[in-house]
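Here's the structure, in structure tokens; my notes come after.
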Amino acid sequence: MTNQYFTELAEYNLWANNIVCTWLEQITDEQWTQTVVSSFNSIQETVLHIISAEKAWLERFEHKPVEWLQFVYKGSKEEHIALWKKTSESLKDFIDEFDENKFEKNLDFTRLNGDAYSMPHYQLIAHVINHATYHRGQLVTMLRQVGFMNVGSTDLLGVYRKK
């Protein structure tokens with residue numbers, strides 16, 4: 001495992017999240033909260049899930065108590081977007097500074113359901129990025145379903161092509 005690989009993934013995650021945030025800034029509050037059939041019931045709920053997961057993993061990585069925002073956070077669309085950008089930037093900063101010698105070392109953590117786990121950091125970091133990618137794809141579909149068509153690609157190749 002190399003820092004460069006995970007730094008590139010964190011850069012990609014931040015880049016893609018920022019693109020999605022620019023789309024979200026353009027939708028109405030009605031579109032933001034409109035019921036859409038997906039893993040979560042609205043764009044707002046999906047965004048909050050992504051933020052909550054990124055923040056929870058960052059807290060786990062830093063050995064802090066986990067706060068599950070998706071159950072308590074009631075901010076506005078603008079506050080969600082600002083928090084998502086801040087959380088993604090913090091995740092990137094953490095990964096940029098992560099000690100390469102710890103990638104293979106396990107992180108002990110407790111899942112939301114209370115189950116205890118222990119997995120290597122490299123697997124968990126890859127999971128966090130992949131999880132966001134999965135839900136960003138859902139957001140593209142959800143945005144189209146609420147009538148916002150000005151979406152584009154957030155594929156990893158987009159970051160690699162920029163270099």
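Chain labels run A, B, ... following the order of the structure tokens; each chain numbers its residues from 1, and ligands are numbered from 1 in the order shown.
The shell of residues at most 12 Å from Ala56 in chain A, with only C-alpha atoms counted and near chain neighbours (fewer than 3 positions) removed, consists of Leu48, His49, Ile50, Ile51, Ser52, Ala53, Glu59, Arg60, Phe61, Glu62, His63, Lys64, Pro65, Val66, Glu67, Trp68, Leu69, Gln70, Thr87, Ser88, Ser90, Leu91, Phe109, Thr110, Arg111, Leu112, Leu124 and Val128 of chain A.
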Which residues of range 16-102 of chain A come within 9 Å of range 133-140 of chain A, and what is each one's closest atom pair and distance in Å (one decimal), counting only C-alpha atoms, sorted by chain and residue number, as a Markdown table?
```
| residue | atom | partner | partner_atom | distance |
| --- | --- | --- | --- | --- |
| A:Ala16 | CA | A:Arg136 | CA | 8.2 |
| A:Asn17 | CA | A:Arg136 | CA | 7.7 |
| A:Val20 | CA | A:Arg136 | CA | 7.4 |
| A:Ser38 | CA | A:Gln138 | CA | 7.4 |
| A:Ser39 | CA | A:Gln138 | CA | 8.2 |
| A:Ile43 | CA | A:Leu139 | CA | 6.5 |
| A:Thr46 | CA | A:His135 | CA | 7.1 |
| A:Val47 | CA | A:Leu139 | CA | 8.1 |
| A:His49 | CA | A:His135 | CA | 8.7 |
| A:Ile50 | CA | A:His135 | CA | 7.1 |
```
Write to file, as a PDB file, in the first residue's frame, the residues of the selection just made, with C-alpha atoms.
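Once everything was written out, this is out04.pdb:
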```pdb
ATOM      1  CA  ALA A  16     -16.491  14.209  -7.139  1.00  0.00           C
ATOM      2  CA  ASN A  17     -18.288  15.395  -3.999  1.00  0.00           C
ATOM      3  CA  VAL A  20     -22.233  16.940  -6.884  1.00  0.00           C
ATOM      4  CA  SER A  38     -34.039   4.826  -3.619  1.00  0.00           C
ATOM      5  CA  SER A  39     -31.964   3.623  -0.672  1.00  0.00           C
ATOM      6  CA  ILE A  43     -31.819  13.708  -2.085  1.00  0.00           C
ATOM      7  CA  THR A  46     -29.018  10.492   0.740  1.00  0.00           C
ATOM      8  CA  VAL A  47     -26.623  13.432   1.102  1.00  0.00           C
ATOM      9  CA  HIS A  49     -26.168   9.589   4.822  1.00  0.00           C
ATOM     10  CA  ILE A  50     -22.986  10.187   2.811  1.00  0.00           C
TER      11      ILE A  50
END
```
Distance criterion (only C-alpha atoms): nearest to Asp96 in chain A out of A:Gly147, A:Ile125, A:Ser76, A:Lys162 =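 Ranking A:Gly147, A:Ile125, A:Ser76, A:Lys162 by distance to Asp96 in chain A, first place goes to A:Ile125.
For the residues A:Met119, A:Leu14, A:Val151, A:Leu58, ranking by smallest atom-to-atom distance to Phe98 in chain A using only C-alpha atoms places A:Leu58 first.
Reported to one decimal place, the separation of CA of Lys105 in chain A from CA of Glu89 in chain A is 23.7 Å.
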